file structure-v4.txt (compact mmCIF, N, CA and C atoms and all ligand atoms)
# COMPACT_ATOMS: atom_id res chain seq x y z
N MET A 1427 -31.29 -15.91 32.28
CA MET A 1427 -30.47 -17.04 32.69
C MET A 1427 -29.14 -16.98 31.95
N SER A 1428 -28.08 -17.41 32.63
CA SER A 1428 -26.75 -17.39 32.02
C SER A 1428 -26.00 -18.66 32.35
N TRP A 1429 -25.14 -19.07 31.43
CA TRP A 1429 -24.26 -20.22 31.66
C TRP A 1429 -22.97 -19.74 32.29
N TYR A 1430 -22.51 -20.44 33.33
CA TYR A 1430 -21.26 -20.10 34.02
C TYR A 1430 -20.33 -21.31 34.02
N SER A 1431 -19.09 -21.09 33.67
CA SER A 1431 -18.10 -22.16 33.68
C SER A 1431 -17.65 -22.43 35.11
N VAL A 1432 -17.53 -23.71 35.46
CA VAL A 1432 -17.06 -24.08 36.81
C VAL A 1432 -15.82 -24.96 36.77
N GLY A 1433 -15.22 -25.09 35.59
CA GLY A 1433 -13.97 -25.83 35.51
C GLY A 1433 -14.00 -26.91 34.46
N SER A 1434 -12.88 -27.57 34.34
CA SER A 1434 -12.72 -28.62 33.35
C SER A 1434 -13.35 -29.92 33.86
N LEU A 1435 -13.96 -30.68 32.96
CA LEU A 1435 -14.60 -31.95 33.34
C LEU A 1435 -13.60 -32.89 34.00
N ASN A 1436 -12.36 -32.88 33.55
CA ASN A 1436 -11.39 -33.82 34.13
C ASN A 1436 -10.93 -33.43 35.54
N GLU A 1437 -11.45 -32.31 36.08
CA GLU A 1437 -11.18 -31.95 37.48
C GLU A 1437 -12.15 -32.64 38.44
N PHE A 1438 -13.17 -33.32 37.89
CA PHE A 1438 -14.20 -33.94 38.72
C PHE A 1438 -14.09 -35.46 38.64
N THR A 1439 -13.92 -36.10 39.79
CA THR A 1439 -13.93 -37.55 39.81
C THR A 1439 -15.34 -38.02 40.12
N ASP A 1440 -15.63 -39.25 39.70
CA ASP A 1440 -16.96 -39.81 39.86
C ASP A 1440 -17.36 -39.86 41.34
N GLY A 1441 -18.50 -39.24 41.67
CA GLY A 1441 -19.01 -39.25 43.04
C GLY A 1441 -18.42 -38.19 43.94
N GLU A 1442 -17.47 -37.40 43.43
CA GLU A 1442 -16.85 -36.34 44.23
C GLU A 1442 -17.85 -35.19 44.44
N LEU A 1443 -17.89 -34.66 45.66
CA LEU A 1443 -18.78 -33.54 46.00
C LEU A 1443 -17.92 -32.32 46.23
N LYS A 1444 -18.28 -31.22 45.55
CA LYS A 1444 -17.45 -30.02 45.63
C LYS A 1444 -18.37 -28.79 45.62
N THR A 1445 -18.21 -27.90 46.62
CA THR A 1445 -19.01 -26.69 46.65
C THR A 1445 -18.26 -25.56 45.97
N VAL A 1446 -18.95 -24.84 45.08
CA VAL A 1446 -18.36 -23.69 44.41
C VAL A 1446 -19.32 -22.52 44.50
N GLU A 1447 -18.79 -21.32 44.25
CA GLU A 1447 -19.65 -20.16 44.17
C GLU A 1447 -19.80 -19.78 42.71
N VAL A 1448 -21.04 -19.68 42.26
CA VAL A 1448 -21.33 -19.34 40.86
C VAL A 1448 -22.25 -18.13 40.87
N ALA A 1449 -21.80 -17.04 40.31
CA ALA A 1449 -22.59 -15.80 40.25
C ALA A 1449 -23.06 -15.41 41.66
N GLY A 1450 -22.21 -15.65 42.66
CA GLY A 1450 -22.55 -15.27 44.03
C GLY A 1450 -23.44 -16.26 44.75
N ILE A 1451 -23.71 -17.40 44.12
CA ILE A 1451 -24.57 -18.42 44.72
C ILE A 1451 -23.75 -19.67 44.99
N GLN A 1452 -23.95 -20.29 46.16
CA GLN A 1452 -23.29 -21.55 46.47
C GLN A 1452 -23.99 -22.69 45.73
N VAL A 1453 -23.20 -23.48 45.05
CA VAL A 1453 -23.73 -24.62 44.30
C VAL A 1453 -22.88 -25.84 44.63
N LEU A 1454 -23.54 -26.98 44.84
CA LEU A 1454 -22.81 -28.23 45.08
C LEU A 1454 -22.71 -28.99 43.76
N LEU A 1455 -21.48 -29.33 43.39
CA LEU A 1455 -21.23 -30.07 42.16
C LEU A 1455 -20.91 -31.51 42.49
N VAL A 1456 -21.42 -32.41 41.67
CA VAL A 1456 -21.20 -33.84 41.89
C VAL A 1456 -20.68 -34.45 40.59
N GLY A 1457 -19.48 -34.99 40.64
CA GLY A 1457 -18.90 -35.63 39.47
C GLY A 1457 -19.67 -36.90 39.12
N ARG A 1458 -19.95 -37.07 37.82
CA ARG A 1458 -20.73 -38.23 37.35
C ARG A 1458 -20.12 -38.80 36.08
N GLY A 1459 -18.84 -38.96 36.07
CA GLY A 1459 -18.20 -39.54 34.89
C GLY A 1459 -18.15 -38.58 33.73
N GLU A 1460 -19.10 -38.70 32.80
CA GLU A 1460 -19.10 -37.88 31.59
C GLU A 1460 -19.81 -36.54 31.77
N ASP A 1461 -20.38 -36.30 32.97
CA ASP A 1461 -21.00 -35.00 33.24
C ASP A 1461 -20.91 -34.67 34.72
N VAL A 1462 -21.49 -33.56 35.10
CA VAL A 1462 -21.47 -33.10 36.49
C VAL A 1462 -22.89 -32.66 36.85
N ALA A 1463 -23.39 -33.10 38.00
CA ALA A 1463 -24.69 -32.63 38.48
C ALA A 1463 -24.45 -31.40 39.35
N ALA A 1464 -25.41 -30.47 39.33
CA ALA A 1464 -25.30 -29.24 40.12
C ALA A 1464 -26.59 -29.04 40.90
N ILE A 1465 -26.46 -28.88 42.23
CA ILE A 1465 -27.62 -28.78 43.11
C ILE A 1465 -27.35 -27.74 44.19
N PRO A 1466 -28.38 -27.28 44.89
CA PRO A 1466 -28.15 -26.39 46.03
C PRO A 1466 -27.34 -27.14 47.11
N PRO A 1467 -26.57 -26.42 47.92
CA PRO A 1467 -25.64 -27.08 48.84
C PRO A 1467 -26.28 -27.65 50.11
N MET A 1468 -27.53 -27.26 50.40
CA MET A 1468 -28.14 -27.68 51.66
C MET A 1468 -29.25 -28.69 51.43
N CYS A 1469 -29.35 -29.64 52.35
CA CYS A 1469 -30.38 -30.68 52.27
C CYS A 1469 -31.78 -30.06 52.39
N PRO A 1470 -32.73 -30.47 51.56
CA PRO A 1470 -34.08 -29.93 51.66
C PRO A 1470 -34.83 -30.41 52.91
N HIS A 1471 -34.25 -31.35 53.65
CA HIS A 1471 -34.91 -31.82 54.88
C HIS A 1471 -34.67 -30.81 56.00
N LEU A 1472 -33.47 -30.78 56.57
CA LEU A 1472 -33.17 -29.89 57.69
C LEU A 1472 -31.91 -29.08 57.47
N GLU A 1473 -31.63 -28.75 56.20
CA GLU A 1473 -30.55 -27.82 55.86
C GLU A 1473 -29.16 -28.30 56.25
N GLU A 1474 -28.95 -29.60 56.27
CA GLU A 1474 -27.61 -30.14 56.50
C GLU A 1474 -26.78 -29.91 55.23
N PRO A 1475 -25.49 -29.54 55.37
CA PRO A 1475 -24.68 -29.38 54.15
C PRO A 1475 -24.51 -30.72 53.42
N LEU A 1476 -24.95 -30.76 52.18
CA LEU A 1476 -24.89 -32.01 51.42
C LEU A 1476 -23.47 -32.37 50.99
N VAL A 1477 -22.53 -31.44 51.15
CA VAL A 1477 -21.14 -31.75 50.79
C VAL A 1477 -20.59 -32.86 51.71
N HIS A 1478 -21.23 -33.08 52.85
CA HIS A 1478 -20.83 -34.17 53.75
C HIS A 1478 -21.56 -35.47 53.42
N GLY A 1479 -22.33 -35.45 52.35
CA GLY A 1479 -23.08 -36.63 51.96
C GLY A 1479 -22.20 -37.64 51.24
N MET A 1480 -22.87 -38.68 50.74
CA MET A 1480 -22.17 -39.74 50.02
C MET A 1480 -22.82 -39.90 48.66
N CYS A 1481 -22.00 -40.17 47.66
CA CYS A 1481 -22.53 -40.29 46.32
C CYS A 1481 -21.80 -41.38 45.55
N ASP A 1482 -22.56 -42.18 44.84
CA ASP A 1482 -21.94 -43.21 44.00
C ASP A 1482 -21.95 -42.79 42.53
N GLY A 1483 -22.28 -41.53 42.29
CA GLY A 1483 -22.36 -41.03 40.92
C GLY A 1483 -23.79 -41.03 40.41
N ARG A 1484 -24.65 -41.86 40.99
CA ARG A 1484 -26.05 -41.92 40.57
C ARG A 1484 -26.99 -41.49 41.71
N LEU A 1485 -26.72 -42.00 42.93
CA LEU A 1485 -27.54 -41.68 44.10
C LEU A 1485 -26.75 -40.81 45.07
N LEU A 1486 -27.39 -39.74 45.57
CA LEU A 1486 -26.79 -38.90 46.60
C LEU A 1486 -27.50 -39.18 47.91
N THR A 1487 -26.73 -39.36 48.99
CA THR A 1487 -27.30 -39.64 50.31
C THR A 1487 -26.86 -38.56 51.28
N CYS A 1488 -27.82 -37.93 51.96
CA CYS A 1488 -27.52 -37.02 53.07
C CYS A 1488 -27.26 -37.88 54.30
N MET A 1489 -26.13 -37.69 54.94
CA MET A 1489 -25.74 -38.57 56.03
C MET A 1489 -26.47 -38.27 57.34
N LYS A 1490 -27.17 -37.14 57.41
CA LYS A 1490 -27.85 -36.79 58.66
C LYS A 1490 -29.01 -37.74 58.96
N HIS A 1491 -29.93 -37.91 57.99
CA HIS A 1491 -31.07 -38.81 58.20
C HIS A 1491 -31.26 -39.76 57.02
N LEU A 1492 -30.22 -39.83 56.17
CA LEU A 1492 -30.16 -40.80 55.08
C LEU A 1492 -31.23 -40.63 53.99
N TRP A 1493 -31.71 -39.41 53.79
CA TRP A 1493 -32.55 -39.18 52.61
C TRP A 1493 -31.66 -39.37 51.39
N GLN A 1494 -32.30 -39.84 50.30
CA GLN A 1494 -31.54 -40.10 49.07
C GLN A 1494 -32.28 -39.53 47.85
N TRP A 1495 -31.49 -39.22 46.82
CA TRP A 1495 -32.05 -38.68 45.58
C TRP A 1495 -31.31 -39.26 44.38
N GLU A 1496 -32.06 -39.39 43.29
CA GLU A 1496 -31.48 -39.72 41.99
C GLU A 1496 -30.85 -38.44 41.44
N LEU A 1497 -29.63 -38.52 40.99
CA LEU A 1497 -28.98 -37.32 40.45
C LEU A 1497 -29.31 -37.09 38.97
N ASP A 1498 -30.05 -38.01 38.35
CA ASP A 1498 -30.50 -37.76 36.97
C ASP A 1498 -31.51 -36.62 36.94
N ASP A 1499 -32.41 -36.59 37.95
CA ASP A 1499 -33.48 -35.60 37.92
C ASP A 1499 -33.83 -35.02 39.30
N GLY A 1500 -33.11 -35.43 40.35
CA GLY A 1500 -33.37 -34.90 41.69
C GLY A 1500 -34.54 -35.55 42.39
N SER A 1501 -35.08 -36.62 41.81
CA SER A 1501 -36.26 -37.24 42.43
C SER A 1501 -35.87 -37.96 43.71
N PRO A 1502 -36.77 -37.91 44.71
CA PRO A 1502 -36.48 -38.54 46.00
C PRO A 1502 -36.55 -40.06 45.90
N VAL A 1503 -35.76 -40.75 46.71
CA VAL A 1503 -35.72 -42.21 46.75
C VAL A 1503 -35.99 -42.64 48.18
N GLY A 1504 -36.73 -43.69 48.36
CA GLY A 1504 -36.98 -44.23 49.70
C GLY A 1504 -37.69 -43.26 50.61
N ALA A 1505 -37.09 -42.96 51.77
CA ALA A 1505 -37.74 -42.14 52.79
C ALA A 1505 -37.72 -40.64 52.47
N ALA A 1506 -36.95 -40.22 51.50
CA ALA A 1506 -36.88 -38.78 51.19
C ALA A 1506 -38.25 -38.26 50.77
N GLU A 1507 -38.63 -37.12 51.31
CA GLU A 1507 -39.97 -36.59 51.08
C GLU A 1507 -40.00 -35.36 50.17
N ALA A 1508 -38.84 -34.91 49.72
CA ALA A 1508 -38.79 -33.73 48.85
C ALA A 1508 -37.71 -33.94 47.79
N PRO A 1509 -37.95 -33.43 46.60
CA PRO A 1509 -36.95 -33.56 45.54
C PRO A 1509 -35.82 -32.56 45.74
N LEU A 1510 -34.73 -32.80 45.03
CA LEU A 1510 -33.63 -31.84 44.97
C LEU A 1510 -33.84 -30.94 43.76
N LYS A 1511 -33.58 -29.65 43.92
CA LYS A 1511 -33.54 -28.77 42.76
C LYS A 1511 -32.26 -29.11 41.99
N MET A 1512 -32.39 -29.19 40.68
CA MET A 1512 -31.22 -29.47 39.85
C MET A 1512 -30.98 -28.27 38.94
N TYR A 1513 -29.77 -27.80 38.90
CA TYR A 1513 -29.39 -26.80 37.91
C TYR A 1513 -29.01 -27.52 36.62
N ALA A 1514 -29.36 -26.93 35.50
CA ALA A 1514 -28.95 -27.52 34.23
C ALA A 1514 -27.44 -27.38 34.08
N THR A 1515 -26.82 -28.42 33.54
CA THR A 1515 -25.37 -28.38 33.29
C THR A 1515 -25.12 -28.83 31.85
N ARG A 1516 -23.97 -28.47 31.34
CA ARG A 1516 -23.55 -28.95 30.03
C ARG A 1516 -22.03 -28.96 30.01
N VAL A 1517 -21.48 -29.71 29.07
CA VAL A 1517 -20.03 -29.74 28.88
C VAL A 1517 -19.75 -29.20 27.48
N VAL A 1518 -18.97 -28.13 27.42
CA VAL A 1518 -18.64 -27.50 26.14
C VAL A 1518 -17.12 -27.47 26.02
N ASP A 1519 -16.60 -28.18 25.04
CA ASP A 1519 -15.14 -28.24 24.82
C ASP A 1519 -14.41 -28.64 26.10
N GLY A 1520 -14.98 -29.59 26.85
CA GLY A 1520 -14.33 -30.09 28.05
C GLY A 1520 -14.55 -29.24 29.29
N GLN A 1521 -15.27 -28.11 29.13
CA GLN A 1521 -15.55 -27.24 30.28
C GLN A 1521 -16.98 -27.47 30.77
N VAL A 1522 -17.13 -27.58 32.08
CA VAL A 1522 -18.46 -27.77 32.67
C VAL A 1522 -19.09 -26.40 32.89
N GLU A 1523 -20.35 -26.27 32.46
CA GLU A 1523 -21.08 -25.02 32.63
C GLU A 1523 -22.40 -25.28 33.34
N ILE A 1524 -22.81 -24.30 34.15
CA ILE A 1524 -24.06 -24.38 34.90
C ILE A 1524 -24.96 -23.24 34.47
N LEU A 1525 -26.23 -23.55 34.31
CA LEU A 1525 -27.22 -22.52 33.98
C LEU A 1525 -27.82 -22.01 35.29
N VAL A 1526 -27.58 -20.73 35.57
CA VAL A 1526 -28.09 -20.13 36.80
C VAL A 1526 -29.21 -19.16 36.45
N GLU A 1527 -30.34 -19.37 37.11
CA GLU A 1527 -31.49 -18.49 36.86
C GLU A 1527 -31.21 -17.10 37.42
N GLN A 1528 -31.56 -16.10 36.65
CA GLN A 1528 -31.34 -14.72 37.06
C GLN A 1528 -32.06 -14.41 38.38
N GLU A 1529 -33.24 -15.05 38.60
CA GLU A 1529 -34.02 -14.78 39.80
C GLU A 1529 -33.21 -15.10 41.05
N LEU A 1530 -32.39 -16.16 41.01
CA LEU A 1530 -31.59 -16.53 42.17
C LEU A 1530 -30.55 -15.46 42.47
N ILE A 1531 -29.97 -14.90 41.42
CA ILE A 1531 -28.97 -13.85 41.62
C ILE A 1531 -29.63 -12.63 42.25
N TYR A 1532 -30.84 -12.29 41.78
CA TYR A 1532 -31.55 -11.14 42.34
C TYR A 1532 -31.90 -11.38 43.81
N GLU A 1533 -32.34 -12.62 44.13
CA GLU A 1533 -32.69 -12.96 45.52
C GLU A 1533 -31.49 -12.73 46.43
N ARG A 1534 -30.33 -13.15 45.97
CA ARG A 1534 -29.12 -13.05 46.78
C ARG A 1534 -28.75 -11.57 47.00
N GLU A 1535 -28.95 -10.73 45.98
CA GLU A 1535 -28.54 -9.35 46.06
C GLU A 1535 -29.50 -8.49 46.86
N SER A 1536 -30.75 -8.94 46.99
CA SER A 1536 -31.74 -8.11 47.68
C SER A 1536 -31.70 -8.33 49.19
S1 LIG A 1601 -30.94 -33.14 57.09
FE1 LIG A 1601 -30.57 -34.29 55.28
S2 LIG A 1601 -31.79 -36.05 55.55
FE2 LIG A 1601 -32.24 -34.84 57.27
call {"tool": "encode", "arguments": {"input": "structure-v4.txt", "output": "structure tokens", "more": "lines below"}}
Ligand code: FES
result
Amino acid sequence: MSWYSVGSLNEFTDGELKTVEVAGIQVLLVGRGEDVAAIPPMCPHLEEPLVHGMCDGRLLTCMKHLWQWELDDGSPVGAAEAPLKMYATRVVDGQVEILVEQELIYERES
């Protein structure tokens, strides 16, 4: 596993959804004030791009069928039937970093 920088914390506004490529993998970043959540870009329901969703900084909503998740841990809320995978993130000297599992990089390359 490796940490990858995705930019300065002050580039993310609260609730903003932004897709980036990290180590060849698409990751959706969500601004949350003092940190950033990092999740896969597609909804676990029917693969709708979550970048079109809505976020208040705490809850993420997929606009297709309104599944919702807590961004603290990816747990489903209400009608959502599956959790979100969460990538570990950290802020080091004002830079946001994401921990990407090596297995995902290998999957992409194979
Ligand atoms: S595709 Fe996201 S809730 Fe159905």
call {"tool": "atom_distance", "arguments": {"input": "structure-v4.txt", "atom1": "atom CA of A:Met1480", "atom2": "atom CA of A:Val1526"}}
result
24.4 Å
call {"tool": "residues_near_ligand", "arguments": {"input": "structure-v4.txt", "ligand": "ligand LIG 1601 (chain A)", "cutoff": "7 Å", "atoms": "only N, CA and C atoms and all ligand atoms", "output": "number ranges by chain"}}
result
A: 1468-1475, 1487-1494
call {"tool": "atom_distance", "arguments": {"input": "structure-v4.txt", "atom1": "atom CA of A:Val1518", "atom2": "atom N of A:Leu1435"}}
result
8.9 Å
call {"tool": "closest_residue", "arguments": {"input": "structure-v4.txt", "among": "A:Pro1502, A:Pro1466, A:Gly1479, A:Gly1520", "to": "A:Phe1438", "atoms": "only C-alpha atoms"}}
result
A:Gly1520
call {"tool": "select_by_dssp", "arguments": {"input": "structure-v4.txt", "residues": "chain A", "states": "strand (DSSP E)", "output": "PyMOL selection string"}}
result
chain A and resi 1428-1434+1443-1448+1451-1458+1461-1465+1480-1481+1485-1487+1494-1496+1502-1503+1515-1518+1521-1526
call {"tool": "closest_residue", "arguments": {"input": "structure-v4.txt", "among": "A:Gln1521, A:Ala1463, A:Asn1436, A:Trp1429", "to": "A:Ala1449", "atoms": "only C-alpha atoms"}}
result
A:Trp1429
